[in-house]
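Raw contents of start07.txt, compact mmCIF, C-alpha atoms:
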```txt
# COMPACT_ATOMS: atom_id res chain seq x y z
CA MET A 1 -4.54 15.38 14.66
CA ILE A 2 -7.75 16.29 12.81
CA ARG A 3 -10.33 13.84 14.03
CA HIS A 4 -13.24 12.59 11.96
CA GLN A 5 -16.39 13.85 13.67
CA GLN A 6 -18.11 10.46 13.91
CA LYS A 7 -16.77 6.98 14.53
CA TRP A 8 -16.58 5.58 11.01
CA THR A 9 -17.11 1.84 10.53
CA ALA A 10 -17.21 -0.57 7.59
CA GLY A 11 -20.97 -0.05 7.55
CA ASP A 12 -20.31 3.49 6.33
CA ILE A 13 -18.57 2.34 3.13
CA PRO A 14 -20.57 3.73 0.19
CA ASP A 15 -22.01 1.39 -2.42
CA GLN A 16 -19.06 0.09 -4.47
CA THR A 17 -21.08 -1.40 -7.33
CA GLY A 18 -19.23 -0.85 -10.60
CA ARG A 19 -15.91 -0.04 -8.94
CA VAL A 20 -12.87 -2.27 -9.40
CA ALA A 21 -10.22 -2.39 -6.68
CA VAL A 22 -6.79 -4.02 -6.83
CA VAL A 23 -5.62 -5.10 -3.37
CA THR A 24 -2.08 -6.36 -2.90
CA GLY A 25 -1.50 -8.96 -0.21
CA ALA A 26 -5.19 -9.85 -0.22
CA THR A 27 -5.04 -13.36 1.27
CA SER A 28 -4.51 -12.48 4.93
CA GLY A 29 -4.52 -9.74 7.54
CA LEU A 30 -5.37 -6.23 6.42
CA GLY A 31 -5.56 -7.14 2.74
CA LEU A 32 -8.09 -9.89 3.38
CA ALA A 33 -10.19 -7.66 5.65
CA THR A 34 -10.11 -4.91 3.00
CA THR A 35 -11.16 -7.35 0.27
CA GLU A 36 -14.03 -8.76 2.30
CA ALA A 37 -15.35 -5.29 3.17
CA LEU A 38 -15.22 -4.01 -0.42
CA VAL A 39 -17.00 -7.01 -1.95
CA ARG A 40 -19.60 -6.86 0.79
CA ARG A 41 -20.50 -3.40 -0.50
CA GLY A 42 -20.71 -4.56 -4.12
CA GLY A 43 -17.18 -3.87 -5.36
CA HIS A 44 -15.16 -6.11 -7.63
CA VAL A 45 -11.76 -6.95 -6.12
CA VAL A 46 -8.66 -8.19 -7.89
CA LEU A 47 -6.70 -10.19 -5.33
CA ALA A 48 -3.07 -9.49 -6.25
CA VAL A 49 -1.23 -12.32 -4.51
CA ARG A 50 2.10 -14.12 -4.65
CA ASP A 51 0.54 -17.56 -4.07
CA GLU A 52 -2.26 -18.14 -6.60
CA GLY A 53 -3.36 -21.38 -4.94
CA LYS A 54 -3.85 -19.64 -1.61
CA GLY A 55 -5.57 -16.77 -3.41
CA ARG A 56 -8.08 -19.12 -5.06
CA SER A 57 -8.74 -20.81 -1.73
CA VAL A 58 -9.37 -17.46 -0.02
CA ALA A 59 -11.58 -16.26 -2.89
CA GLY A 60 -13.59 -19.49 -2.69
CA ARG A 61 -14.14 -19.05 1.02
CA ILE A 62 -15.25 -15.44 0.57
CA ALA A 63 -17.63 -16.48 -2.22
CA ALA A 64 -19.09 -19.21 0.00
CA GLU A 65 -19.79 -16.63 2.70
CA GLN A 66 -20.86 -13.91 0.26
CA PRO A 67 -22.49 -15.60 -2.76
CA LYS A 68 -22.68 -12.32 -4.69
CA ALA A 69 -19.00 -11.52 -4.16
CA SER A 70 -17.20 -10.42 -7.33
CA LEU A 71 -13.57 -11.54 -7.21
CA GLU A 72 -10.63 -12.52 -9.37
CA VAL A 73 -7.19 -13.82 -8.43
CA ARG A 74 -3.98 -12.75 -10.20
CA ARG A 75 -0.39 -13.53 -9.37
CA LEU A 76 1.86 -10.68 -8.26
CA ASP A 77 5.25 -10.94 -6.56
CA LEU A 78 6.07 -7.37 -5.54
CA ALA A 79 9.67 -8.30 -4.79
CA ASP A 80 10.19 -9.21 -8.45
CA LEU A 81 9.86 -6.26 -10.83
CA GLU A 82 9.35 -8.59 -13.81
CA SER A 83 6.31 -10.05 -12.01
CA VAL A 84 5.04 -6.50 -11.43
CA ARG A 85 5.39 -5.69 -15.13
CA ASP A 86 3.65 -8.91 -16.14
CA PHE A 87 0.77 -8.31 -13.72
CA ALA A 88 0.28 -4.73 -14.95
CA ARG A 89 0.53 -5.73 -18.61
CA ARG A 90 -2.11 -8.44 -18.25
CA LEU A 91 -4.44 -6.19 -16.28
CA ARG A 92 -4.15 -3.45 -18.91
CA ASP A 93 -4.93 -6.03 -21.60
CA ASP A 94 -8.10 -7.14 -19.79
CA ARG A 95 -9.49 -3.92 -18.31
CA ALA A 96 -10.12 -0.36 -19.43
CA ARG A 97 -10.22 1.12 -15.94
CA ILE A 98 -9.86 0.50 -12.22
CA ALA A 99 -11.04 2.71 -9.38
CA VAL A 100 -8.77 1.87 -6.46
CA LEU A 101 -5.28 0.50 -5.95
CA VAL A 102 -4.57 -0.49 -2.34
CA ASN A 103 -0.81 -0.84 -1.89
CA ASN A 104 -1.12 -3.05 1.16
CA ALA A 105 1.26 -6.03 0.95
CA GLY A 106 4.45 -6.08 2.94
CA VAL A 107 7.13 -8.07 4.71
CA MET A 108 8.60 -7.32 8.12
CA ALA A 109 12.09 -7.72 9.60
CA PRO A 110 13.54 -10.74 7.77
CA PRO A 111 17.25 -11.49 7.77
CA ARG A 112 18.98 -9.52 5.05
CA THR A 113 17.62 -10.92 1.80
CA LEU A 114 17.91 -9.63 -1.75
CA SER A 115 15.11 -9.52 -4.30
CA ALA A 116 15.27 -10.96 -7.81
CA GLN A 117 16.79 -7.66 -8.98
CA GLY A 118 19.24 -7.47 -6.07
CA HIS A 119 17.42 -4.98 -3.81
CA GLU A 120 16.93 -5.39 -0.06
CA LEU A 121 13.71 -7.37 0.32
CA GLN A 122 11.72 -4.97 2.52
CA PHE A 123 12.52 -1.96 0.35
CA ALA A 124 11.79 -4.02 -2.77
CA CYS A 125 8.45 -5.45 -1.64
CA ASN A 126 7.07 -2.73 0.62
CA HIS A 127 8.06 0.26 -1.52
CA LEU A 128 9.74 -0.36 -4.87
CA GLY A 129 7.26 -2.92 -6.18
CA HIS A 130 4.35 -0.70 -5.23
CA PHE A 131 6.03 2.32 -6.82
CA ALA A 132 6.36 0.41 -10.10
CA LEU A 133 2.84 -1.05 -9.89
CA THR A 134 1.27 2.36 -9.31
CA GLY A 135 3.08 3.91 -12.25
CA LEU A 136 2.18 1.07 -14.59
CA LEU A 137 -1.51 1.18 -13.60
CA LEU A 138 -1.90 4.95 -13.51
CA GLY A 139 -3.62 5.07 -16.89
CA LEU A 140 -6.28 2.57 -15.76
CA LEU A 141 -6.81 4.58 -12.59
CA ALA A 142 -7.16 7.88 -14.42
CA ALA A 143 -10.01 6.34 -16.42
CA GLY A 144 -11.82 5.08 -13.30
CA ARG A 145 -14.63 6.54 -11.22
CA ASP A 146 -13.37 8.47 -8.19
CA PRO A 147 -9.91 6.95 -8.60
CA ARG A 148 -7.51 6.57 -5.68
CA VAL A 149 -4.15 5.11 -4.77
CA VAL A 150 -4.04 4.09 -1.11
CA THR A 151 -0.53 3.40 0.15
CA VAL A 152 -0.40 1.62 3.49
CA SER A 153 2.40 2.85 5.72
CA SER A 154 2.85 2.28 9.45
CA VAL A 155 3.14 4.24 12.67
CA ASN A 156 6.73 2.97 12.47
CA HIS A 157 7.41 5.46 9.69
CA ARG A 158 8.03 7.95 12.50
CA GLN A 159 11.15 5.99 13.48
CA GLY A 160 12.30 5.56 9.89
CA ARG A 161 14.80 7.36 7.71
CA MET A 162 16.15 6.85 4.23
CA ARG A 163 19.67 5.50 3.94
CA PHE A 164 20.20 6.87 0.48
CA ASP A 165 23.88 5.93 0.56
CA ASP A 166 23.12 2.33 1.61
CA VAL A 167 19.46 1.70 0.78
CA ASP A 168 20.03 -2.06 0.47
CA GLY A 169 21.94 -2.48 3.73
CA ALA A 170 25.17 -3.72 2.17
CA ARG A 171 27.25 -1.80 4.71
CA GLY A 172 25.07 -2.41 7.73
CA TYR A 173 21.70 -4.13 8.09
CA ALA A 174 19.29 -4.21 11.02
CA PRO A 175 15.93 -5.90 10.30
CA MET A 176 13.63 -3.48 12.13
CA ALA A 177 15.56 -0.38 11.05
CA PHE A 178 15.13 -1.39 7.41
CA TYR A 179 11.46 -2.21 7.98
CA ASN A 180 11.06 1.30 9.37
CA GLN A 181 12.91 2.64 6.33
CA SER A 182 10.46 0.89 4.01
CA LYS A 183 7.46 2.35 5.86
CA PHE A 184 9.10 5.78 5.82
CA ALA A 185 9.51 5.31 2.06
CA ASN A 186 5.79 4.55 1.79
CA ALA A 187 5.00 7.85 3.51
CA LEU A 188 7.44 9.81 1.35
CA PHE A 189 6.06 8.17 -1.81
CA GLY A 190 2.38 8.75 -1.02
CA GLN A 191 2.94 12.45 -0.41
CA GLU A 192 5.24 12.97 -3.38
CA LEU A 193 2.74 11.13 -5.60
CA HIS A 194 0.03 13.50 -4.35
CA ARG A 195 2.15 16.54 -5.20
CA ARG A 196 2.83 15.26 -8.71
CA LEU A 197 -0.77 14.20 -9.40
CA GLU A 198 -2.10 17.51 -8.15
CA GLY A 199 0.44 19.42 -10.23
CA ALA A 200 -0.64 17.48 -13.31
CA GLY A 201 -4.34 18.09 -12.71
CA SER A 202 -4.93 14.35 -12.45
CA PRO A 203 -8.27 12.98 -11.20
CA VAL A 204 -6.36 10.33 -9.23
CA ARG A 205 -5.98 10.94 -5.51
CA SER A 206 -3.01 9.64 -3.53
CA VAL A 207 -3.94 8.89 0.08
CA LEU A 208 -1.88 7.36 2.89
CA ALA A 209 -3.18 5.09 5.63
CA HIS A 210 -1.80 3.12 8.54
CA PRO A 211 -3.50 0.48 10.70
CA GLY A 212 -2.04 1.33 14.10
CA TYR A 213 -1.04 -1.82 15.92
CA THR A 214 -3.05 -4.65 14.38
CA ALA A 215 -2.67 -8.37 15.05
CA THR A 216 -1.77 -9.84 11.66
CA GLY A 217 0.62 -12.54 10.52
CA LEU A 218 3.20 -9.87 9.72
CA GLN A 219 4.50 -9.51 13.28
CA LYS A 220 4.41 -13.22 14.03
CA GLY A 221 6.32 -13.96 10.85
CA THR A 222 9.41 -11.99 11.81
CA PRO A 223 12.30 -14.27 12.82
CA VAL A 224 13.95 -11.61 14.96
CA GLY A 225 13.74 -13.13 18.44
CA LEU A 226 13.07 -10.12 20.67
CA TRP A 227 10.80 -8.36 18.19
CA ARG A 228 8.88 -11.56 17.54
CA LEU A 229 8.35 -11.98 21.29
CA LEU A 230 7.27 -8.40 21.83
CA LEU A 231 5.15 -7.92 18.70
CA GLY A 232 3.87 -11.40 18.07
CA ARG A 233 3.11 -12.64 21.57
CA ILE A 234 3.22 -10.22 24.48
CA GLY A 235 1.81 -7.25 22.63
CA ASN A 236 -1.14 -8.83 20.87
CA PRO A 237 -3.57 -9.29 23.79
CA LEU A 238 -2.65 -5.97 25.35
CA PHE A 239 -2.49 -3.42 22.57
CA THR A 240 -3.57 -4.77 19.22
CA GLN A 241 -6.81 -4.69 17.32
CA ARG A 242 -8.21 -7.25 14.90
CA PRO A 243 -7.56 -6.90 11.15
CA GLU A 244 -11.20 -5.94 10.57
CA ARG A 245 -10.58 -2.88 12.75
CA GLY A 246 -7.05 -2.25 11.56
CA ALA A 247 -8.23 -2.15 7.94
CA LEU A 248 -10.69 0.68 8.58
CA PRO A 249 -8.20 3.52 7.87
CA GLN A 250 -7.33 2.13 4.43
CA LEU A 251 -11.00 1.41 3.69
CA PHE A 252 -11.87 4.97 4.69
CA ALA A 253 -9.07 6.26 2.46
CA ALA A 254 -10.29 4.11 -0.44
CA THR A 255 -13.99 4.88 -0.27
CA ASP A 256 -15.06 7.89 1.80
CA PRO A 257 -16.32 10.73 -0.44
CA GLY A 258 -14.72 13.39 1.74
CA VAL A 259 -11.16 12.10 1.53
CA ARG A 260 -8.74 14.49 -0.17
CA GLY A 261 -5.49 13.73 -1.90
CA GLY A 262 -2.44 13.95 0.34
CA GLU A 263 -4.28 13.03 3.53
CA PHE A 264 -3.00 10.45 5.99
CA ILE A 265 -5.61 8.27 7.71
CA GLY A 266 -4.86 6.34 10.90
CA PRO A 267 -6.51 5.27 14.18
CA ASP A 268 -7.74 8.03 16.50
CA GLY A 269 -6.66 6.39 19.77
CA PRO A 270 -3.61 7.10 21.95
CA ALA A 271 -0.36 7.03 19.97
CA GLU A 272 -2.46 6.08 16.93
CA LEU A 273 -2.23 2.42 17.95
CA ARG A 274 -5.94 1.63 17.71
CA GLY A 275 -9.29 3.29 17.22
CA ALA A 276 -11.59 4.63 14.52
CA PRO A 277 -10.26 6.18 11.30
CA ALA A 278 -9.12 9.79 11.63
CA ARG A 279 -7.00 12.25 9.72
CA VAL A 280 -3.53 12.15 11.26
CA SER A 281 -0.27 13.92 10.54
CA PRO A 282 2.76 12.29 8.92
CA SER A 283 6.15 12.75 10.50
CA PRO A 284 7.75 16.07 9.51
CA ALA A 285 10.69 14.24 7.91
CA SER A 286 8.38 12.20 5.67
CA ALA A 287 6.63 15.38 4.50
CA ASP A 288 9.88 16.91 3.17
CA PRO A 289 9.42 17.55 -0.58
CA ALA A 290 13.17 17.39 -1.21
CA ALA A 291 13.39 13.91 0.33
CA GLY A 292 10.28 12.86 -1.56
CA ALA A 293 11.77 14.00 -4.87
CA ARG A 294 15.05 12.24 -4.09
CA LEU A 295 13.27 8.96 -3.33
CA TRP A 296 11.16 9.36 -6.47
CA GLU A 297 14.22 9.76 -8.68
CA LEU A 298 15.92 6.78 -7.03
CA SER A 299 12.79 4.65 -7.43
CA GLU A 300 12.38 5.54 -11.12
CA ARG A 301 15.97 4.50 -11.72
CA LEU A 302 15.83 1.24 -9.76
CA ALA A 303 12.38 0.18 -11.00
CA GLU A 304 12.91 1.47 -14.55
CA VAL A 305 9.41 2.91 -14.49
CA ARG A 306 8.75 6.57 -15.20
CA TYR A 307 5.49 8.38 -14.48
CA ALA A 308 4.66 10.48 -17.56
CA LEU A 309 2.45 13.10 -15.91
CA GLN A 310 1.36 15.95 -18.16
CA THR A 311 0.58 19.44 -16.94
CA THR A 312 -3.19 19.18 -17.32
CA ALA A 313 -4.15 15.50 -17.00
CA VAL A 314 -2.77 12.02 -16.81
CA ARG A 315 -2.94 10.29 -20.17
CA SER A 316 -4.21 6.72 -20.40
CA GLY A 317 -1.20 4.44 -20.06
CA ALA A 318 0.86 7.01 -18.18
CA GLY A 319 3.21 4.37 -16.82
CA VAL A 320 6.28 4.05 -19.00
CA ASP A 321 7.87 0.62 -18.91
CA ARG A 322 11.68 0.48 -18.96
CA GLY A 323 11.93 4.06 -20.14
CA GLY A 324 10.27 3.22 -23.46
CA PRO A 325 7.51 5.09 -25.27
CA ALA A 326 4.32 6.01 -23.45
CA GLU A 327 1.85 3.15 -23.53
```
How does the structure come out when it is put into structure tokens?
Amino acid sequence: MIRHQQKWTAGDIPDQTGRVAVVTGATSGLGLATTEALVRRGGHVVLAVRDEGKGRSVAGRIAAEQPKASLEVRRLDLADLESVRDFARRLRDDRARIAVLVNNAGVMAPPRTLSAQGHELQFACNHLGHFALTGLLLGLLAAGRDPRVVTVSSVNHRQGRMRFDDVDGARGYAPMAFYNQSKFANALFGQELHRRLEGAGSPVRSVLAHPGYTATGLQKGTPVGLWRLLLGRIGNPLFTQRPERGALPQLFAATDPGVRGGEFIGPDGPAELRGAPARVSPSPASADPAAGARLWELSERLAEVRYALQTTAVRSGAGVDRGGPAE
């Protein structure tokens, strides 16, 4: 572990005036804490949320507490690739650039459920939707100031593996194992995206982050009895940190001037469960370029989104929708 020399806090976030951030899952937990911190420092945040009514309510509360907050609410269902395309299309119509995409939203350990396109829900929402969203917004990011993609993984990625022969769990599904797979996919994706952006000479940086063990609604929402007991009740008072603390690694990844592409930011405490943001190491398996390339090819095929990265720079509109012409 390479530790940051000082204990970084939200007070260290640089001025975000003029920067636009898209935060998925922005109405609760880590996404809400990230949104509140960014607008507090002058940033404009697009709350990318499945429930627009809840998003407007949250945005109204933030505005009441921070009268100068700059916010907008847009609907995005990451488990539905048509919703991802619609969100990206509308954002490209309305904006010339964004500075940060925080791939934060996720679901944890539901019974086996299929997405609108027939993919296992955790893989669809936690990874595949974010893969498509990133590709479709890459042109806006390349035009932004100090642009970054922050993909939020989990310490659980260390227990994950890709079931390339049964990625949707048709032949055997275990809720937590497939949650771990989705977080492993996040780690593979963030590092493979870095390799491809760097190879293309893109100004966009791909950075990974994880919150350690943070008390959010994600753990309490799982219906799996034993895991819900352990994660949602017993564990919270003993080991967890509040979302405001858990969000610090992704805020550091999104804003700190010294962050480099390909880095992984997590808590600096024992087992990376809690603490201040620090540079941590991904699992060796998730750093395997061959596995990253294999997941990338699978994701392009399933999402029908190709990243058209040139050898010197990313062109505006680099995301290619449904394999069609570059936008």
Contacts of Tyr179 in chain A at 9 Å (all atoms listed in the file; same-chain gap of 3+ positions) as an MDAnalysis selection string: chainID A and resid 107:110 122:123 126 156:157 160 174:176 182:184
Write a file of the selected residues as a tab-separated table (two decimals), keeping the file's coordinate frame, keeping C-alpha atoms.
```
chain	number	residue	atom	x	y	z
A	107	VAL	CA	7.13	-8.07	4.71
A	108	MET	CA	8.60	-7.32	8.12
A	109	ALA	CA	12.09	-7.72	9.60
A	110	PRO	CA	13.54	-10.74	7.77
A	122	GLN	CA	11.72	-4.97	2.52
A	123	PHE	CA	12.52	-1.96	0.35
A	126	ASN	CA	7.07	-2.73	0.62
A	156	ASN	CA	6.73	2.97	12.47
A	157	HIS	CA	7.41	5.46	9.69
A	160	GLY	CA	12.30	5.56	9.89
A	174	ALA	CA	19.29	-4.21	11.02
A	175	PRO	CA	15.93	-5.90	10.30
A	176	MET	CA	13.63	-3.48	12.13
A	182	SER	CA	10.46	0.89	4.01
A	183	LYS	CA	7.46	2.35	5.86
A	184	PHE	CA	9.10	5.78	5.82
```
Per-residue nearest contacts of range 74-191 of chain A to range 280-283 of chain A (12 Å; all atoms listed in the file) as JSON lines:
```
{"residue": "A:Ser153", "atom": "CA", "partner": "A:Pro282", "partner_atom": "CA", "distance": 10.0}
{"residue": "A:Ser154", "atom": "CA", "partner": "A:Pro282", "partner_atom": "CA", "distance": 10.0}
{"residue": "A:Val155", "atom": "CA", "partner": "A:Pro282", "partner_atom": "CA", "distance": 8.9}
{"residue": "A:Asn156", "atom": "CA", "partner": "A:Ser283", "partner_atom": "CA", "distance": 10.0}
{"residue": "A:His157", "atom": "CA", "partner": "A:Ser283", "partner_atom": "CA", "distance": 7.4}
{"residue": "A:Arg158", "atom": "CA", "partner": "A:Ser283", "partner_atom": "CA", "distance": 5.5}
{"residue": "A:Gln159", "atom": "CA", "partner": "A:Ser283", "partner_atom": "CA", "distance": 8.9}
{"residue": "A:Gly160", "atom": "CA", "partner": "A:Ser283", "partner_atom": "CA", "distance": 9.5}
{"residue": "A:Arg161", "atom": "CA", "partner": "A:Ser283", "partner_atom": "CA", "distance": 10.6}
{"residue": "A:Lys183", "atom": "CA", "partner": "A:Pro282", "partner_atom": "CA", "distance": 11.4}
{"residue": "A:Phe184", "atom": "CA", "partner": "A:Ser283", "partner_atom": "CA", "distance": 8.9}
{"residue": "A:Ala185", "atom": "CA", "partner": "A:Ser283", "partner_atom": "CA", "distance": 11.7}
{"residue": "A:Asn186", "atom": "CA", "partner": "A:Pro282", "partner_atom": "CA", "distance": 11.0}
{"residue": "A:Ala187", "atom": "CA", "partner": "A:Pro282", "partner_atom": "CA", "distance": 7.3}
{"residue": "A:Leu188", "atom": "CA", "partner": "A:Pro282", "partner_atom": "CA", "distance": 9.2}
{"residue": "A:Phe189", "atom": "CA", "partner": "A:Pro282", "partner_atom": "CA", "distance": 12.0}
{"residue": "A:Gly190", "atom": "CA", "partner": "A:Pro282", "partner_atom": "CA", "distance": 10.6}
{"residue": "A:Gln191", "atom": "CA", "partner": "A:Pro282", "partner_atom": "CA", "distance": 9.3}
```
Could you please determine the separation between CA of Pro243 in chain A and CA of Leu141 in chain A in Å, to one decimal place? 26.4 Å
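Pairwise distance (CA of Leu128 in chain A, CA of Leu47 in chain A) equals 19.2 Å.
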Residues at most 7 Å from range 251-268 of chain A, counting all atoms listed in the file, excluding those fewer than 3 positions away in the same chain, as a ChimeraX atom specification? /A:3,13-14,34,100,148,150,191,194,205-212,247-248,272-282
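Picture a line from CA of Arg95 in chain A to CA of Pro203 in chain A; it runs 18.4 Å.
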